[in-house]
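Shown below: final-v1.cif, with mmCIF, C-alpha atoms.
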```cif
data_my_file
#
loop_
_atom_site.group_PDB
_atom_site.id
_atom_site.type_symbol
_atom_site.label_atom_id
_atom_site.label_comp_id
_atom_site.auth_asym_id
_atom_site.auth_seq_id
_atom_site.Cartn_x
_atom_site.Cartn_y
_atom_site.Cartn_z
ATOM 1 C CA MET A 295 -5.380 6.451 29.543
ATOM 2 C CA GLN A 296 -8.730 4.817 28.846
ATOM 3 C CA THR A 297 -8.414 1.070 28.240
ATOM 4 C CA TRP A 298 -9.698 1.148 24.662
ATOM 5 C CA LYS A 299 -7.251 3.939 23.766
ATOM 6 C CA GLU A 300 -4.442 1.955 25.378
ATOM 7 C CA PHE A 301 -5.474 -0.941 23.106
ATOM 8 C CA ASP A 302 -5.085 1.293 20.023
ATOM 9 C CA ALA A 303 -1.775 2.731 21.254
ATOM 10 C CA ASN A 304 -0.242 -0.740 21.661
ATOM 11 C CA VAL A 305 3.082 -0.779 19.733
ATOM 12 C CA ILE A 306 2.720 -4.495 19.233
ATOM 13 C CA THR A 307 -0.289 -4.755 17.019
ATOM 14 C CA HIS A 308 -1.524 -8.149 15.923
ATOM 15 C CA SER A 309 0.273 -7.707 12.612
ATOM 16 C CA ALA A 310 3.502 -6.551 14.303
ATOM 17 C CA ALA A 311 3.481 -9.600 16.582
ATOM 18 C CA HIS A 312 3.192 -11.871 13.554
ATOM 19 C CA HIS A 313 6.031 -10.094 11.750
ATOM 20 C CA LEU A 314 8.283 -10.477 14.790
ATOM 21 C CA MET A 315 7.355 -14.124 15.248
ATOM 22 C CA ALA A 316 7.888 -14.820 11.542
ATOM 23 C CA VAL A 317 11.435 -13.415 11.791
ATOM 24 C CA ASP A 318 12.084 -15.536 14.879
ATOM 25 C CA ASP A 319 10.648 -18.659 13.266
ATOM 26 C CA LEU A 320 12.651 -18.177 10.033
ATOM 27 C CA ILE A 321 15.907 -17.644 11.919
ATOM 28 C CA GLN A 322 15.273 -20.817 13.907
ATOM 29 C CA ARG A 323 14.414 -22.837 10.786
ATOM 30 C CA LEU A 324 16.755 -21.377 8.148
ATOM 31 C CA GLY A 325 19.339 -19.484 10.169
ATOM 32 C CA TYR A 326 18.382 -16.220 8.471
ATOM 33 C CA ALA A 327 15.363 -14.069 7.635
ATOM 34 C CA ARG A 328 14.979 -11.654 4.742
ATOM 35 C CA VAL A 329 12.018 -9.492 3.808
ATOM 36 C CA SER A 330 11.199 -11.936 0.990
ATOM 37 C CA ASP A 331 11.154 -14.880 3.439
ATOM 38 C CA VAL A 332 8.853 -13.036 5.841
ATOM 39 C CA ALA A 333 6.574 -12.124 2.908
ATOM 40 C CA ARG A 334 6.334 -15.770 1.851
ATOM 41 C CA GLN A 335 5.772 -16.978 5.402
ATOM 42 C CA LEU A 336 2.967 -14.480 6.032
ATOM 43 C CA ASN A 337 1.641 -14.692 2.469
ATOM 44 C CA ILE A 338 1.771 -10.955 1.910
ATOM 45 C CA THR A 339 3.799 -8.722 -0.405
ATOM 46 C CA ARG A 340 7.367 -7.622 0.228
ATOM 47 C CA GLY A 341 6.135 -4.038 0.073
ATOM 48 C CA SER A 342 3.768 -4.715 2.968
ATOM 49 C CA VAL A 343 6.497 -6.408 4.996
ATOM 50 C CA SER A 344 8.979 -3.573 4.389
ATOM 51 C CA ILE A 345 6.432 -0.980 5.474
ATOM 52 C CA SER A 346 5.329 -2.990 8.521
ATOM 53 C CA LEU A 347 8.946 -3.465 9.598
ATOM 54 C CA GLN A 348 9.675 0.268 9.664
ATOM 55 C CA PRO A 349 8.024 1.047 13.028
ATOM 56 C CA LEU A 350 9.536 -2.145 14.462
ATOM 57 C CA LYS A 351 13.004 -1.017 13.387
ATOM 58 C CA LYS A 352 12.363 2.446 14.810
ATOM 59 C CA ALA A 353 11.223 0.878 18.079
ATOM 60 C CA GLY A 354 14.515 -1.067 18.166
ATOM 61 C CA LEU A 355 12.840 -4.466 17.981
ATOM 62 C CA ILE A 356 14.278 -5.519 14.627
ATOM 63 C CA VAL A 357 17.690 -4.881 13.112
ATOM 64 C CA GLN A 358 18.584 -5.211 9.425
ATOM 65 C CA ASP A 359 22.237 -5.735 8.508
ATOM 66 C CA GLU A 360 24.120 -4.621 5.375
ATOM 67 C CA ASN A 361 23.143 -7.897 3.649
ATOM 68 C CA ARG A 362 19.505 -7.035 4.349
ATOM 69 C CA HIS A 363 19.196 -9.936 6.776
ATOM 70 C CA LEU A 364 16.805 -9.346 9.637
ATOM 71 C CA ARG A 365 17.345 -10.244 13.258
ATOM 72 C CA LEU A 366 15.542 -9.528 16.494
ATOM 73 C CA SER A 367 17.172 -7.208 19.003
ATOM 74 C CA GLU A 368 17.410 -8.375 22.589
ATOM 75 C CA HIS A 369 14.240 -6.425 23.334
ATOM 76 C CA GLY A 370 12.539 -7.860 20.240
ATOM 77 C CA GLN A 371 13.513 -11.414 21.185
ATOM 78 C CA ALA A 372 12.213 -10.927 24.740
ATOM 79 C CA LEU A 373 8.950 -9.647 23.307
ATOM 80 C CA VAL A 374 8.584 -12.603 20.940
ATOM 81 C CA ASP A 375 9.373 -15.052 23.743
ATOM 82 C CA ALA A 376 6.742 -13.414 25.957
ATOM 83 C CA VAL A 377 4.114 -13.461 23.195
ATOM 84 C CA LYS A 378 4.819 -17.158 22.530
ATOM 85 C CA VAL A 379 4.461 -17.997 26.215
ATOM 86 C CA LYS A 380 1.200 -16.039 26.378
ATOM 87 C CA ARG A 381 -0.120 -17.899 23.357
ATOM 88 C CA ARG A 382 0.777 -21.246 24.942
ATOM 89 C CA ILE A 383 -0.811 -20.515 28.291
ATOM 90 C CA VAL A 384 -3.970 -18.995 26.811
ATOM 91 C CA GLN A 385 -4.280 -21.955 24.450
ATOM 92 C CA ARG A 386 -3.841 -24.449 27.297
ATOM 93 C CA LEU A 387 -6.278 -22.570 29.484
ATOM 94 C CA PHE A 388 -8.936 -22.510 26.777
ATOM 95 C CA ALA A 389 -8.454 -26.028 25.399
ATOM 96 C CA GLU A 390 -7.380 -28.159 28.361
ATOM 97 C CA LEU A 391 -9.212 -26.456 31.184
ATOM 98 C CA LEU A 392 -12.191 -24.707 29.648
ATOM 99 C CA GLY A 393 -12.750 -27.426 27.045
ATOM 100 C CA VAL A 394 -12.800 -25.114 24.008
ATOM 101 C CA ALA A 395 -12.177 -27.064 20.772
ATOM 102 C CA GLU A 396 -8.417 -27.177 19.943
ATOM 103 C CA GLN A 397 -8.753 -25.194 16.717
ATOM 104 C CA GLN A 398 -10.915 -22.474 18.283
ATOM 105 C CA ALA A 399 -8.577 -22.293 21.276
ATOM 106 C CA GLU A 400 -5.662 -21.761 18.893
ATOM 107 C CA ILE A 401 -7.497 -19.007 16.988
ATOM 108 C CA ASP A 402 -8.510 -17.211 20.185
ATOM 109 C CA ALA A 403 -5.025 -17.550 21.680
ATOM 110 C CA CYS A 404 -3.597 -16.054 18.502
ATOM 111 C CA LYS A 405 -5.928 -13.066 18.868
ATOM 112 C CA LEU A 406 -5.028 -12.503 22.524
ATOM 113 C CA GLU A 407 -1.340 -13.420 22.711
ATOM 114 C CA HIS A 408 -0.012 -9.882 22.204
ATOM 115 C CA LEU A 409 -2.682 -8.177 24.312
ATOM 116 C CA VAL A 410 -2.401 -10.059 27.593
ATOM 117 C CA SER A 411 -0.322 -8.151 30.141
ATOM 118 C CA ASN A 412 2.676 -9.769 31.828
ATOM 119 C CA GLU A 413 0.893 -9.497 35.169
ATOM 120 C CA THR A 414 -2.132 -11.432 33.916
ATOM 121 C CA ALA A 415 0.175 -13.937 32.198
ATOM 122 C CA ARG A 416 2.002 -14.577 35.480
ATOM 123 C CA ARG A 417 -1.298 -15.184 37.282
ATOM 124 C CA LEU A 418 -2.394 -17.555 34.524
ATOM 125 C CA ILE A 419 0.901 -19.464 34.761
ATOM 126 C CA SER A 420 0.429 -19.687 38.498
ATOM 127 C CA PHE A 421 -3.093 -21.050 37.943
ATOM 128 C CA LEU A 422 -1.896 -23.608 35.385
ATOM 129 C CA ARG A 423 0.915 -24.640 37.727
ATOM 130 C CA PHE A 424 -1.552 -25.190 40.520
ATOM 131 C CA MET A 425 -3.716 -27.330 38.244
ATOM 132 C CA ASP A 426 -0.656 -29.324 37.112
ATOM 133 C CA LEU A 427 0.733 -29.780 40.622
ATOM 134 C CA HIS A 428 -2.594 -30.833 42.116
ATOM 135 C CA ARG A 429 -4.071 -33.029 39.428
ATOM 136 C CA ASP A 430 -6.547 -34.702 41.807
ATOM 137 C CA VAL A 431 -7.923 -31.341 42.985
ATOM 138 C CA ALA A 432 -7.924 -30.078 39.394
ATOM 139 C CA ALA A 433 -9.817 -33.136 38.171
ATOM 140 C CA GLU A 434 -12.466 -32.778 40.869
ATOM 141 C CA PHE A 435 -12.749 -29.017 40.353
ATOM 142 C CA LEU A 436 -13.063 -29.356 36.572
ATOM 143 C CA GLY A 437 -15.453 -32.291 36.884
ATOM 144 C CA ARG A 438 -17.794 -30.264 39.083
ATOM 145 C CA TRP A 439 -17.388 -27.117 37.012
ATOM 146 C CA ARG A 440 -18.235 -28.930 33.754
ATOM 147 C CA THR A 441 -21.638 -29.923 35.106
ATOM 148 C CA VAL A 442 -22.653 -26.257 35.445
ATOM 149 C CA ASP A 443 -24.932 -24.944 32.732
ATOM 150 C CA PRO A 444 -23.579 -21.523 31.663
ATOM 151 C CA SER A 445 -27.081 -20.277 31.037
ATOM 152 C CA CYS A 446 -29.289 -19.177 33.908
ATOM 153 C CA GLY A 447 -32.237 -18.883 31.528
ATOM 154 C CA GLU A 448 -34.710 -16.246 32.513
ATOM 155 C CA GLN A 449 -33.605 -16.253 36.160
ATOM 156 C CA ALA A 450 -30.910 -13.569 35.794
ATOM 157 C CA ALA A 451 -32.095 -11.645 38.836
ATOM 158 C CA ALA A 452 -31.510 -14.715 41.023
ATOM 159 C CA CYS A 453 -28.241 -15.668 39.280
ATOM 160 C CA PRO A 454 -25.075 -14.943 41.313
ATOM 161 C CA THR A 455 -23.120 -14.290 38.110
ATOM 162 C CA CYS A 456 -25.419 -12.489 35.708
ATOM 163 C CA GLU A 457 -26.575 -8.927 36.211
ATOM 164 C CA LYS A 458 -29.743 -7.713 34.543
ATOM 165 C CA GLU A 459 -29.869 -10.319 31.812
ATOM 166 C CA CYS A 460 -28.494 -13.794 31.260
ATOM 167 C CA MET A 461 -24.904 -13.265 30.066
ATOM 168 C CA ALA A 462 -24.641 -16.677 28.395
ATOM 169 C CA ARG A 463 -27.575 -15.833 26.149
ATOM 170 C CA LYS A 464 -25.772 -12.671 25.040
ATOM 171 C CA VAL A 465 -22.825 -14.670 23.766
ATOM 172 C CA SER A 466 -24.701 -17.560 22.170
ATOM 173 C CA ASP A 467 -24.225 -18.051 18.426
ATOM 174 C CA PRO A 468 -27.184 -17.000 16.271
ATOM 175 C CA PRO A 469 -29.108 -19.946 14.774
ATOM 176 C CA GLU A 470 -27.930 -20.953 11.310
ATOM 177 C CA SER A 471 -30.324 -19.851 8.568
ATOM 178 C CA MET B 79 16.499 -22.792 -20.104
ATOM 179 C CA SER B 80 15.349 -21.370 -16.793
ATOM 180 C CA GLN B 81 15.837 -23.519 -13.688
ATOM 181 C CA LEU B 82 12.161 -22.936 -12.896
ATOM 182 C CA SER B 83 9.158 -24.800 -14.262
ATOM 183 C CA VAL B 84 6.339 -22.809 -15.871
ATOM 184 C CA ASP B 85 4.278 -23.222 -12.687
ATOM 185 C CA GLU B 86 7.101 -21.857 -10.559
ATOM 186 C CA ILE B 87 7.581 -18.910 -12.938
ATOM 187 C CA LEU B 88 3.855 -18.224 -12.748
ATOM 188 C CA GLN B 89 4.010 -18.290 -8.965
ATOM 189 C CA GLU B 90 6.794 -15.707 -9.039
ATOM 190 C CA LEU B 91 4.904 -13.557 -11.543
ATOM 191 C CA HIS B 92 1.757 -13.683 -9.418
ATOM 192 C CA ARG B 93 3.787 -12.434 -6.470
ATOM 193 C CA ILE B 94 5.209 -9.553 -8.488
ATOM 194 C CA PHE B 95 1.748 -8.810 -9.879
ATOM 195 C CA ALA B 96 0.540 -8.430 -6.267
ATOM 196 C CA GLU B 97 3.561 -6.190 -5.470
ATOM 197 C CA GLU B 98 2.712 -3.888 -8.381
ATOM 198 C CA ILE B 99 -1.033 -3.730 -7.716
ATOM 199 C CA GLU B 100 -0.410 -3.073 -4.032
ATOM 200 C CA ALA B 101 2.148 -0.375 -4.862
ATOM 201 C CA ALA B 102 -0.395 1.251 -7.196
ATOM 202 C CA ILE B 103 -3.015 1.285 -4.435
ATOM 203 C CA ARG B 104 -0.481 2.738 -2.026
ATOM 204 C CA TYR B 105 0.468 5.476 -4.520
ATOM 205 C CA LEU B 106 -3.200 6.340 -5.021
ATOM 206 C CA HIS B 107 -3.729 6.469 -1.269
ATOM 207 C CA LEU B 108 -0.632 8.582 -0.676
ATOM 208 C CA ALA B 109 -1.611 10.987 -3.477
ATOM 209 C CA ASN B 110 -4.847 11.650 -1.612
ATOM 210 C CA ALA B 111 -3.392 11.593 1.897
ATOM 211 C CA VAL B 112 -0.562 14.052 1.403
ATOM 212 C CA ARG B 113 -1.069 17.470 2.994
ATOM 213 C CA GLY B 114 0.876 20.681 3.386
ATOM 214 C CA VAL B 115 2.014 23.351 0.955
ATOM 215 C CA GLU B 116 4.127 20.852 -0.993
ATOM 216 C CA ARG B 117 0.996 18.904 -1.933
ATOM 217 C CA LEU B 118 0.683 20.802 -5.212
ATOM 218 C CA VAL B 119 4.053 19.459 -6.335
ATOM 219 C CA VAL B 120 3.919 16.068 -4.650
ATOM 220 C CA GLU B 121 0.449 14.915 -5.656
ATOM 221 C CA PRO B 122 1.168 14.819 -9.428
ATOM 222 C CA LYS B 123 4.339 12.787 -8.752
ATOM 223 C CA LEU B 124 2.392 10.273 -6.673
ATOM 224 C CA GLN B 125 -0.359 10.096 -9.294
ATOM 225 C CA GLU B 126 2.363 9.437 -11.850
ATOM 226 C CA GLY B 127 3.657 6.630 -9.619
ATOM 227 C CA PHE B 128 0.140 5.197 -9.510
ATOM 228 C CA ARG B 129 -0.209 5.209 -13.292
ATOM 229 C CA SER B 130 3.245 3.761 -13.786
ATOM 230 C CA THR B 131 2.804 0.877 -11.310
ATOM 231 C CA ILE B 132 -0.602 0.021 -12.790
ATOM 232 C CA GLU B 133 1.124 -0.107 -16.160
ATOM 233 C CA HIS B 134 3.732 -2.480 -14.706
ATOM 234 C CA ALA B 135 0.950 -4.661 -13.298
ATOM 235 C CA GLN B 136 -0.597 -4.771 -16.766
ATOM 236 C CA ILE B 137 2.709 -5.868 -18.283
ATOM 237 C CA ILE B 138 3.042 -8.647 -15.693
ATOM 238 C CA ALA B 139 -0.588 -9.671 -16.250
ATOM 239 C CA ARG B 140 0.128 -9.921 -19.989
ATOM 240 C CA LYS B 141 3.179 -12.083 -19.252
ATOM 241 C CA ILE B 142 1.063 -14.360 -17.038
ATOM 242 C CA ARG B 143 -1.492 -14.617 -19.843
ATOM 243 C CA GLU B 144 1.222 -15.492 -22.359
ATOM 244 C CA LEU B 145 2.189 -18.405 -20.124
ATOM 245 C CA GLY B 146 -1.384 -19.679 -20.295
ATOM 246 C CA ALA B 147 -2.698 -18.544 -16.911
ATOM 247 C CA VAL B 148 -5.024 -15.908 -15.516
ATOM 248 C CA PRO B 149 -3.553 -13.350 -13.078
ATOM 249 C CA LYS B 150 -4.242 -14.287 -9.459
ATOM 250 C CA LEU B 151 -4.312 -11.696 -6.741
ATOM 251 C CA GLU B 152 -4.307 -11.996 -2.979
ATOM 252 C CA LEU B 153 -3.870 -8.768 -1.062
ATOM 253 C CA SER B 154 -4.009 -8.008 2.615
ATOM 254 C CA LEU B 155 -3.900 -4.263 2.809
ATOM 255 C CA SER B 156 -5.092 -1.778 5.362
ATOM 256 C CA LEU B 157 -4.370 1.913 4.816
ATOM 257 C CA PRO B 158 -4.919 4.416 7.623
ATOM 258 C CA PRO B 159 -7.120 7.502 7.157
ATOM 259 C CA ASP B 160 -4.262 9.729 8.363
ATOM 260 C CA SER B 161 -2.806 12.624 6.413
ATOM 261 C CA ILE B 162 0.900 12.497 5.577
ATOM 262 C CA GLY B 163 3.643 15.003 4.793
ATOM 263 C CA ALA B 164 5.452 15.114 1.447
ATOM 264 C CA ARG B 165 8.703 13.663 2.743
ATOM 265 C CA ALA B 166 7.054 10.798 4.606
ATOM 266 C CA ALA B 167 5.007 9.989 1.488
ATOM 267 C CA PHE B 168 8.136 9.736 -0.664
ATOM 268 C CA GLU B 169 9.919 7.705 2.011
ATOM 269 C CA LEU B 170 7.052 5.206 2.010
ATOM 270 C CA ALA B 171 7.056 5.110 -1.794
ATOM 271 C CA LEU B 172 10.795 4.441 -1.731
ATOM 272 C CA THR B 173 10.249 1.564 0.709
ATOM 273 C CA PHE B 174 7.760 -0.269 -1.494
ATOM 274 C CA GLU B 175 9.599 0.553 -4.729
ATOM 275 C CA GLU B 176 12.776 -0.971 -3.265
ATOM 276 C CA ALA B 177 10.798 -4.039 -2.256
ATOM 277 C CA ALA B 178 9.517 -4.383 -5.832
ATOM 278 C CA LEU B 179 13.047 -3.982 -7.200
ATOM 279 C CA GLU B 180 14.286 -6.758 -4.928
ATOM 280 C CA ALA B 181 11.464 -8.994 -6.131
ATOM 281 C CA TYR B 182 12.549 -8.468 -9.759
ATOM 282 C CA GLN B 183 16.231 -8.964 -8.870
ATOM 283 C CA ASP B 184 15.402 -12.287 -7.191
ATOM 284 C CA LEU B 185 13.347 -13.353 -10.178
ATOM 285 C CA LEU B 186 16.218 -12.502 -12.521
ATOM 286 C CA LYS B 187 18.475 -14.964 -10.680
ATOM 287 C CA LYS B 188 15.816 -17.643 -10.960
ATOM 288 C CA VAL B 189 15.110 -17.230 -14.687
ATOM 289 C CA ALA B 190 18.771 -17.251 -15.695
ATOM 290 C CA GLY B 191 19.041 -19.063 -19.029
ATOM 291 C CA ASP B 192 15.589 -18.157 -20.310
ATOM 292 C CA VAL B 193 16.620 -15.316 -22.616
ATOM 293 C CA ALA B 194 13.143 -13.875 -23.219
ATOM 294 C CA LEU B 195 12.223 -13.857 -19.530
ATOM 295 C CA GLU B 196 15.630 -12.563 -18.551
ATOM 296 C CA GLU B 197 15.282 -9.652 -20.962
ATOM 297 C CA PHE B 198 11.811 -8.908 -19.705
ATOM 298 C CA VAL B 199 12.901 -8.907 -16.043
ATOM 299 C CA ARG B 200 15.980 -6.824 -16.859
ATOM 300 C CA SER B 201 13.827 -4.155 -18.508
ATOM 301 C CA GLN B 202 11.570 -4.079 -15.432
ATOM 302 C CA ILE B 203 14.620 -3.732 -13.192
ATOM 303 C CA THR B 204 15.833 -0.784 -15.250
ATOM 304 C CA ILE B 205 12.489 0.968 -14.856
ATOM 305 C CA GLU B 206 12.340 0.245 -11.105
ATOM 306 C CA CYS B 207 15.897 1.559 -10.695
ATOM 307 C CA GLU B 208 14.893 4.777 -12.449
ATOM 308 C CA HIS B 209 11.913 5.200 -10.096
ATOM 309 C CA ILE B 210 14.081 4.614 -7.069
ATOM 310 C CA ALA B 211 16.766 7.021 -8.283
ATOM 311 C CA GLU B 212 14.135 9.690 -8.820
ATOM 312 C CA LEU B 213 12.633 9.143 -5.369
ATOM 313 C CA LYS B 214 16.087 9.335 -3.810
ATOM 314 C CA GLN B 215 16.731 12.619 -5.631
ATOM 315 C CA LEU B 216 13.441 13.987 -4.351
ATOM 316 C CA LEU B 217 14.386 12.958 -0.831
ATOM 317 C CA ALA B 218 17.917 14.370 -1.037
ATOM 318 C CA GLU B 219 18.552 17.296 1.271
#
```
Could I get this file's structure written as structure tokens?
Amino acid sequence: MQTWKEFDANVITHSAAHHLMAVDDLIQRLGYARVSDVARQLNITRGSVSISLQPLKKAGLIVQDENRHLRLSEHGQALVDAVKVKRRIVQRLFAELLGVAEQQAEIDACKLEHLVSNETARRLISFLRFMDLHRDVAAEFLGRWRTVDPSCGEQAAACPTCEKECMARKVSDPPES
Amino acid sequence: MSQLSVDEILQELHRIFAEEIEAAIRYLHLANAVRGVERLVVEPKLQEGFRSTIEHAQIIARKIRELGAVPKLELSLSLPPDSIGARAAFELALTFEEAALEAYQDLLKKVAGDVALEEFVRSQITIECEHIAELKQLLAE
């Protein structure tokens, strides 16, 4: 399957991930989660929550009992735990290592948490572990890396990273009008 | 008297107002998304659902106004451009109608003691129950 189609076919959409995490969070805080609680937590209507929960129930990720209380299935809980770990590692990578502002790192981690594969997550954990275990090497590496200007200017042809054009220029924010 | 302050009642009414408006939009969308030979029968029912939920939203808006506020609406809604069969359309309608009923039932518990509000919520519950019963009949094998 082409990658972009795989992205669309992902069972765990951004919204689904937030519904699952809301259920998990409510159960941890209150000991229970109902549709109305999820609606309040996500600031959406109960109708929206009920409709969004349908595919998650069909996929066996969420179970609703006779008292209409929601709980995560074993599979659902494993998925939520994995998404939370992915959010944490992406956030750490962006904020602590790459130096992205905390708030932006949190926003970007939230966007990526459900899309990162387990394989990539394991490699990222391994990388973070290396940086944590070898703080002196990490400090030197990061110190040297932070002196590098991401832009190669007009010298893209001679740049070992860029291809035809300077990549950093392509991702620079437009000037404020 | 109700155990809720006017502000808390307004908050609840704003939530139900959003439920009704969103349900109306969903009915309108479903009425135009439904396909198949049953469309001729199903579409008028869904259009009727649209009109009825908009009417409910108007009643709630009037109640909000009576309490001295202006209706507030925050919706986060994304509806797919996919066609849908008659049964699936009614199943979806049943899902959001049941959610609206639960919202009214919760509100009823909270306004216990305020006779006027209680009566108002009870009448809304009756109407929602009728909608749900009709949808269940339509979905019955």
Original post:
Expressed in Å to a single decimal, how great is the separation between CA of Gly114 in chain B and CA of Ile162 in chain B?
Top reply: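 Between CA of Gly114 in chain B and CA of Ile162 in chain B the gap is 8.5 Å.
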**OP:** For chain B, report every residue with an atom at most 9 Å from chain A (counting all atoms listed in the file), formatted as a PyMOL selection string.
**Re:** chain B and resi 93-94+96-97+100-101+152-155+170+173-178+180-181
Subject >> the PyMOL selection byres ((chain A and resi 369-374) around 12) resolved against shown file, as a VMD selection string >> reply: chain A and resid 305 to 306 310 to 319 321 350 to 357 364 to 368 375 to 381 407 to 409 411 to 412
Within 10 Å of Asp85 in chain B, counting all atoms listed in the file, which residues qualify if same-chain residues fewer than 6 places away don't, as a short mmCIF file (atom, residue, chain, number, x, y, z; two decimals) with C-alpha atoms, keeping the file's coordinate frame?
```
data_model
loop_
_atom_site.label_atom_id
_atom_site.label_comp_id
_atom_site.auth_asym_id
_atom_site.auth_seq_id
_atom_site.Cartn_x
_atom_site.Cartn_y
_atom_site.Cartn_z
CA LEU B 91 4.90 -13.56 -11.54
CA LEU B 145 2.19 -18.40 -20.12
CA ALA B 147 -2.70 -18.54 -16.91
#
```
Original post:
Neighbours of Val465 in chain A within 12 Å (only C-alpha atoms; same-chain residues fewer than 5 positions away dropped), as a count of residues only?
Top reply: 4
Evaluate the PyMOL selection byres ((chain A and resi 400) around 10) and record the selected residues as a JSON list (two decimals) with C-alpha atoms, keeping the file's coordinate frame, following the chain and residue labels used in the document.
```json
[["chain", "number", "residue", "atom", "x", "y", "z"],
["A", 381, "ARG", "CA", -0.12, -17.90, 23.36],
["A", 382, "ARG", "CA", 0.78, -21.25, 24.94],
["A", 384, "VAL", "CA", -3.97, -19.00, 26.81],
["A", 385, "GLN", "CA", -4.28, -21.96, 24.45],
["A", 386, "ARG", "CA", -3.84, -24.45, 27.30],
["A", 388, "PHE", "CA", -8.94, -22.51, 26.78],
["A", 389, "ALA", "CA", -8.45, -26.03, 25.40],
["A", 394, "VAL", "CA", -12.80, -25.11, 24.01],
["A", 395, "ALA", "CA", -12.18, -27.06, 20.77],
["A", 396, "GLU", "CA", -8.42, -27.18, 19.94],
["A", 397, "GLN", "CA", -8.75, -25.19, 16.72],
["A", 398, "GLN", "CA", -10.92, -22.47, 18.28],
["A", 399, "ALA", "CA", -8.58, -22.29, 21.28],
["A", 401, "ILE", "CA", -7.50, -19.01, 16.99],
["A", 402, "ASP", "CA", -8.51, -17.21, 20.18],
["A", 403, "ALA", "CA", -5.03, -17.55, 21.68],
["A", 404, "CYS", "CA", -3.60, -16.05, 18.50],
["A", 405, "LYS", "CA", -5.93, -13.07, 18.87],
["A", 406, "LEU", "CA", -5.03, -12.50, 22.52]]
```
